[in-house]
$ cat coords.cif   # mmCIF, C-alpha atoms
data_work
loop_
_atom_site.group_PDB
_atom_site.id
_atom_site.type_symbol
_atom_site.label_atom_id
_atom_site.label_comp_id
_atom_site.auth_asym_id
_atom_site.auth_seq_id
_atom_site.Cartn_x
_atom_site.Cartn_y
_atom_site.Cartn_z
ATOM 1 C CA MET C 1 0.000 0.000 0.000
ATOM 2 C CA LEU C 2 2.825 2.411 0.851
ATOM 3 C CA TRP C 3 4.384 1.922 -2.615
ATOM 4 C CA GLN C 4 1.104 2.737 -4.372
ATOM 5 C CA ILE C 5 0.730 5.885 -2.251
ATOM 6 C CA LEU C 6 4.285 6.942 -3.098
ATOM 7 C CA ALA C 7 3.648 6.227 -6.795
ATOM 8 C CA ALA C 8 0.476 8.314 -6.656
ATOM 9 C CA LEU C 9 2.435 11.111 -4.989
ATOM 10 C CA VAL C 10 4.993 11.007 -7.814
ATOM 11 C CA VAL C 11 2.132 11.195 -10.349
ATOM 12 C CA LEU C 12 0.735 14.251 -8.555
ATOM 13 C CA ILE C 13 4.155 15.909 -8.490
ATOM 14 C CA HIS C 14 4.607 15.078 -12.174
ATOM 15 C CA PHE C 15 1.218 16.567 -13.026
ATOM 16 C CA ALA C 16 1.903 19.658 -10.881
ATOM 17 C CA PHE C 17 5.199 20.157 -12.692
ATOM 18 C CA ILE C 18 3.453 20.038 -16.079
ATOM 19 C CA VAL C 19 0.820 22.532 -14.918
ATOM 20 C CA PHE C 20 3.570 24.766 -13.507
ATOM 21 C CA VAL C 21 5.478 24.649 -16.801
ATOM 22 C CA LEU C 22 2.380 25.600 -18.778
ATOM 23 C CA PHE C 23 0.843 28.186 -16.444
ATOM 24 C CA GLY C 24 3.627 29.260 -14.075
ATOM 25 C CA GLY C 25 4.417 32.299 -16.180
ATOM 26 C CA ILE C 26 1.085 33.799 -15.161
ATOM 27 C CA LEU C 27 2.189 33.698 -11.520
ATOM 28 C CA THR C 28 5.058 36.049 -12.342
ATOM 29 C CA MET C 29 2.542 38.889 -12.225
ATOM 30 C CA TRP C 30 2.566 38.494 -8.434
ATOM 31 C CA TRP C 31 5.951 36.964 -7.675
ATOM 32 C CA ARG C 32 8.822 38.666 -9.490
ATOM 33 C CA TRP C 33 11.316 36.004 -8.409
ATOM 34 C CA LEU C 34 9.350 33.155 -9.996
ATOM 35 C CA PRO C 35 10.962 33.318 -13.472
ATOM 36 C CA TRP C 36 14.179 32.086 -11.849
ATOM 37 C CA VAL C 37 12.332 28.842 -11.096
ATOM 38 C CA HIS C 38 9.841 28.770 -13.947
ATOM 39 C CA LEU C 39 12.170 29.340 -16.909
ATOM 40 C CA PRO C 40 14.547 26.470 -16.006
ATOM 41 C CA ALA C 41 11.478 24.219 -15.622
ATOM 42 C CA VAL C 42 10.280 25.283 -19.091
ATOM 43 C CA LEU C 43 13.718 24.652 -20.575
ATOM 44 C CA TRP C 44 13.809 21.205 -18.981
ATOM 45 C CA ALA C 45 10.336 20.305 -20.260
ATOM 46 C CA ALA C 46 11.101 21.576 -23.762
ATOM 47 C CA ALA C 47 14.424 19.702 -23.815
ATOM 48 C CA LEU C 48 12.648 16.484 -22.847
ATOM 49 C CA GLU C 49 10.140 16.930 -25.653
ATOM 50 C CA PHE C 50 12.629 18.035 -28.320
ATOM 51 C CA GLY C 51 15.076 15.309 -27.328
ATOM 52 C CA GLY C 52 12.408 12.609 -27.221
ATOM 53 C CA TRP C 53 13.525 11.714 -23.710
ATOM 54 C CA ILE C 54 11.484 10.368 -20.819
ATOM 55 C CA CYS C 55 11.234 12.412 -17.639
ATOM 56 C CA PRO C 56 13.109 10.812 -14.718
ATOM 57 C CA LEU C 57 9.898 10.826 -12.699
ATOM 58 C CA THR C 58 8.410 8.182 -15.009
ATOM 59 C CA PRO C 59 10.922 5.413 -14.170
ATOM 60 C CA LEU C 60 10.646 6.374 -10.495
ATOM 61 C CA GLU C 61 6.892 5.998 -10.646
ATOM 62 C CA ASN C 62 7.227 2.643 -12.413
ATOM 63 C CA ARG C 63 9.689 1.364 -9.804
ATOM 64 C CA LEU C 64 7.320 2.368 -7.015
ATOM 65 C CA LEU C 65 4.379 0.705 -8.770
ATOM 66 C CA GLN C 66 6.395 -2.477 -9.300
ATOM 67 C CA ALA C 67 7.558 -2.457 -5.670
ATOM 68 C CA GLY C 68 3.887 -2.351 -4.704
ATOM 69 C CA GLY C 69 3.069 -5.341 -6.898
ATOM 70 C CA ASP C 70 1.701 -3.500 -9.951
ATOM 71 C CA ALA C 71 3.030 -3.959 -13.462
ATOM 72 C CA GLY C 72 4.048 -0.348 -14.100
ATOM 73 C CA TYR C 73 3.786 0.925 -17.663
ATOM 74 C CA ALA C 74 5.903 1.427 -20.754
ATOM 75 C CA GLY C 75 6.679 4.810 -22.262
ATOM 76 C CA GLY C 76 6.423 8.202 -20.675
ATOM 77 C CA PHE C 77 4.031 10.024 -18.392
ATOM 78 C CA LEU C 78 2.236 11.777 -21.253
ATOM 79 C CA GLU C 79 1.962 8.545 -23.214
ATOM 80 C CA HIS C 80 0.401 6.764 -20.274
ATOM 81 C CA TYR C 81 -1.902 9.415 -18.804
ATOM 82 C CA ALA C 82 -2.587 12.169 -21.335
ATOM 83 C CA LEU C 83 -2.191 10.614 -24.756
ATOM 84 C CA PRO C 84 -4.830 7.910 -24.374
ATOM 85 C CA VAL C 85 -7.279 10.773 -23.944
ATOM 86 C CA ILE C 86 -5.798 13.225 -26.453
ATOM 87 C CA TYR C 87 -4.034 10.998 -28.986
ATOM 88 C CA PRO C 88 -5.360 7.424 -28.965
ATOM 89 C CA GLN C 89 -2.693 6.244 -31.445
ATOM 90 C CA GLY C 90 0.223 7.011 -29.126
ATOM 91 C CA LEU C 91 3.092 9.427 -28.911
ATOM 92 C CA THR C 92 5.206 9.942 -32.023
ATOM 93 C CA PRO C 93 8.369 12.027 -32.408
ATOM 94 C CA GLU C 94 6.361 14.520 -34.444
ATOM 95 C CA ILE C 95 3.815 14.932 -31.653
ATOM 96 C CA GLN C 96 6.631 15.385 -29.151
ATOM 97 C CA MET C 97 8.058 18.182 -31.302
ATOM 98 C CA VAL C 98 4.645 19.847 -31.393
ATOM 99 C CA LEU C 99 4.344 19.530 -27.622
ATOM 100 C CA GLY C 100 7.790 21.090 -27.222
ATOM 101 C CA PHE C 101 6.794 24.023 -29.427
ATOM 102 C CA VAL C 102 3.528 24.406 -27.510
ATOM 103 C CA VAL C 103 5.491 24.697 -24.252
ATOM 104 C CA VAL C 104 7.858 27.294 -25.719
ATOM 105 C CA PHE C 105 5.139 29.282 -27.504
ATOM 106 C CA PHE C 106 2.780 29.284 -24.525
ATOM 107 C CA THR C 107 5.587 30.435 -22.229
ATOM 108 C CA LEU C 108 6.641 33.226 -24.600
ATOM 109 C CA ALA C 109 3.018 34.334 -24.979
ATOM 110 C CA THR C 110 2.490 34.283 -21.219
ATOM 111 C CA TYR C 111 5.626 36.274 -20.467
ATOM 112 C CA GLY C 112 4.724 38.684 -23.271
ATOM 113 C CA PHE C 113 1.317 39.210 -21.728
ATOM 114 C CA VAL C 114 2.796 39.724 -18.260
ATOM 115 C CA TRP C 115 5.350 42.215 -19.634
ATOM 116 C CA TRP C 116 2.640 44.071 -21.608
ATOM 117 C CA ARG C 117 0.394 44.235 -18.553
ATOM 118 C CA LYS C 118 3.166 45.635 -16.356
ATOM 119 C CA ALA C 119 4.304 48.081 -19.057
ATOM 120 C CA SER C 120 0.785 49.406 -19.564
ATOM 121 C CA GLY C 121 0.136 49.707 -15.833
ATOM 122 C CA ILE C 122 -2.853 47.367 -15.800
#
$ encode --input "coords.cif" --output "structure tokens"
Amino acid sequence: MLWQILAALVVLIHFAFIVFVLFGGILTMWWRWLPWVHLPAVLWAAALEFGGWICPLTPLENRLLQAGGDAGYAGGFLEHYALPVIYPQGLTPEIQMVLGFVVVFFTLATYGFVWWRKASGI
């Protein structure tokens, strides 16, 4: 039971990291120091996608699941949790490139919006 709880905790951390990468730039409107944490997280996420690599949290989660008696799963976090919903055929290198560009574009757009808002005094 403990291993399943730890695996679930890793999944939650993994999901929180993805949400932070996508939406953390918005939080910079309130916390000026946050880009020092957010931008390295974005670079890491984009590098994983562009490189076709698997996040280190995925093998950790699989090890915890296996230690608890479950089978674990093949592939990456997105392949296992998000892609069955979004892309039923599975993750391809082309889709990973698109995801990497989405991360970069969304971050640039978010920071642009935050900069524009601060510059215009809104």
$ residues_around --input "coords.cif" --residues "segment 6-19 of chain C" --least-positions-apart "6" --cutoff "8 Å" --atoms "only C-alpha atoms" --output "ChimeraX atom specification"
/C:57,60-62,64-65
$ atom_distance --input "coords.cif" --atom1 "atom CA of Trp3 of chain C" --atom2 "atom CA of Asp70 of chain C"
9.5 Å
$ atom_distance --input "coords.cif" --atom1 "atom CA of Gln66 of chain C" --atom2 "atom CA of Ile54 of chain C"
18.0 Å
$ closest_residue --input "coords.cif" --among "C:Gly69, C:Val114, C:Gly25, C:Gly100" --to "Leu39 of chain C" --atoms "all atoms listed in the file"
C:Gly25
$ closest_residue --input "coords.cif" --among "C:Gly112, C:Thr58, C:Ala119, C:Phe105" --to "Val21 of chain C" --atoms "all atoms listed in the file"
C:Phe105
$ atom_distance --input "coords.cif" --atom1 "atom CA of Phe106 of chain C" --atom2 "atom CA of Glu49 of chain C"
14.4 Å
$ closest_atom_pairs --input "coords.cif" --of "segment 19-63 of chain C" --to "segment 94-97 of chain C" --cutoff "9 Å" --atoms "all atoms listed in the file" --output "Markdown table"
| residue | atom | partner | partner_atom | distance |
| --- | --- | --- | --- | --- |
| C:Ala46 | CA | C:Met97 | CA | 8.8 |
| C:Leu48 | CA | C:Gln96 | CA | 8.8 |
| C:Glu49 | CA | C:Gln96 | CA | 5.2 |
| C:Phe50 | CA | C:Met97 | CA | 5.5 |
| C:Gly51 | CA | C:Met97 | CA | 8.6 |
| C:Gly52 | CA | C:Gln96 | CA | 6.7 |
$ resolve_selection --input "coords.cif" --expression "the PyMOL selection byres ((chain C and resi 111) around 10)" --output "MDAnalysis selection string"
chainID C and resid 24:29 35 105:110 112:117
$ closest_residue --input "coords.cif" --among "C:Leu43, C:Leu22, C:Ala67, C:Ile122" --to "Val102 of chain C" --atoms "all atoms listed in the file"
C:Leu22
$ decode --input "coords.cif" --residues "segment 36-48 of chain C" --atoms "N, CA, C and O atoms" --output "PDB file, in the first residue's frame"
ATOM      1  N   TRP C  36      12.939  32.803 -12.141  1.00  0.00           N
ATOM      2  CA  TRP C  36      14.179  32.086 -11.849  1.00  0.00           C
ATOM      3  C   TRP C  36      13.932  30.594 -11.615  1.00  0.00           C
ATOM      4  O   TRP C  36      14.847  29.784 -11.731  1.00  0.00           O
ATOM      5  N   VAL C  37      12.709  30.243 -11.271  1.00  0.00           N
ATOM      6  CA  VAL C  37      12.332  28.842 -11.096  1.00  0.00           C
ATOM      7  C   VAL C  37      11.584  28.339 -12.329  1.00  0.00           C
ATOM      8  O   VAL C  37      11.811  27.223 -12.798  1.00  0.00           O
ATOM      9  N   HIS C  38      10.708  29.182 -12.846  1.00  0.00           N
ATOM     10  CA  HIS C  38       9.841  28.770 -13.947  1.00  0.00           C
ATOM     11  C   HIS C  38      10.612  28.546 -15.255  1.00  0.00           C
ATOM     12  O   HIS C  38      10.399  27.534 -15.936  1.00  0.00           O
ATOM     13  N   LEU C  39      11.474  29.469 -15.626  1.00  0.00           N
ATOM     14  CA  LEU C  39      12.170  29.340 -16.909  1.00  0.00           C
ATOM     15  C   LEU C  39      13.063  28.095 -16.984  1.00  0.00           C
ATOM     16  O   LEU C  39      13.052  27.410 -18.010  1.00  0.00           O
ATOM     17  N   PRO C  40      13.818  27.744 -15.933  1.00  0.00           N
ATOM     18  CA  PRO C  40      14.547  26.470 -16.006  1.00  0.00           C
ATOM     19  C   PRO C  40      13.607  25.258 -16.134  1.00  0.00           C
ATOM     20  O   PRO C  40      13.931  24.294 -16.832  1.00  0.00           O
ATOM     21  N   ALA C  41      12.446  25.323 -15.493  1.00  0.00           N
ATOM     22  CA  ALA C  41      11.478  24.219 -15.622  1.00  0.00           C
ATOM     23  C   ALA C  41      10.973  24.122 -17.063  1.00  0.00           C
ATOM     24  O   ALA C  41      10.828  23.021 -17.607  1.00  0.00           O
ATOM     25  N   VAL C  42      10.721  25.265 -17.691  1.00  0.00           N
ATOM     26  CA  VAL C  42      10.280  25.283 -19.091  1.00  0.00           C
ATOM     27  C   VAL C  42      11.377  24.727 -19.995  1.00  0.00           C
ATOM     28  O   VAL C  42      11.102  23.919 -20.893  1.00  0.00           O
ATOM     29  N   LEU C  43      12.613  25.158 -19.758  1.00  0.00           N
ATOM     30  CA  LEU C  43      13.718  24.652 -20.575  1.00  0.00           C
ATOM     31  C   LEU C  43      13.873  23.146 -20.433  1.00  0.00           C
ATOM     32  O   LEU C  43      14.111  22.435 -21.415  1.00  0.00           O
ATOM     33  N   TRP C  44      13.730  22.646 -19.226  1.00  0.00           N
ATOM     34  CA  TRP C  44      13.809  21.205 -18.981  1.00  0.00           C
ATOM     35  C   TRP C  44      12.693  20.474 -19.721  1.00  0.00           C
ATOM     36  O   TRP C  44      12.940  19.481 -20.414  1.00  0.00           O
ATOM     37  N   ALA C  45      11.464  20.961 -19.602  1.00  0.00           N
ATOM     38  CA  ALA C  45      10.336  20.305 -20.260  1.00  0.00           C
ATOM     39  C   ALA C  45      10.492  20.342 -21.776  1.00  0.00           C
ATOM     40  O   ALA C  45      10.237  19.331 -22.457  1.00  0.00           O
ATOM     41  N   ALA C  46      10.908  21.476 -22.314  1.00  0.00           N
ATOM     42  CA  ALA C  46      11.101  21.576 -23.762  1.00  0.00           C
ATOM     43  C   ALA C  46      12.228  20.649 -24.222  1.00  0.00           C
ATOM     44  O   ALA C  46      12.115  19.986 -25.257  1.00  0.00           O
ATOM     45  N   ALA C  47      13.314  20.590 -23.460  1.00  0.00           N
ATOM     46  CA  ALA C  47      14.424  19.702 -23.815  1.00  0.00           C
ATOM     47  C   ALA C  47      13.978  18.246 -23.834  1.00  0.00           C
ATOM     48  O   ALA C  47      14.365  17.480 -24.724  1.00  0.00           O
ATOM     49  N   LEU C  48      13.161  17.856 -22.866  1.00  0.00           N
ATOM     50  CA  LEU C  48      12.648  16.484 -22.847  1.00  0.00           C
ATOM     51  C   LEU C  48      11.834  16.192 -24.101  1.00  0.00           C
ATOM     52  O   LEU C  48      11.966  15.122 -24.708  1.00  0.00           O
TER      53      LEU C  48
END
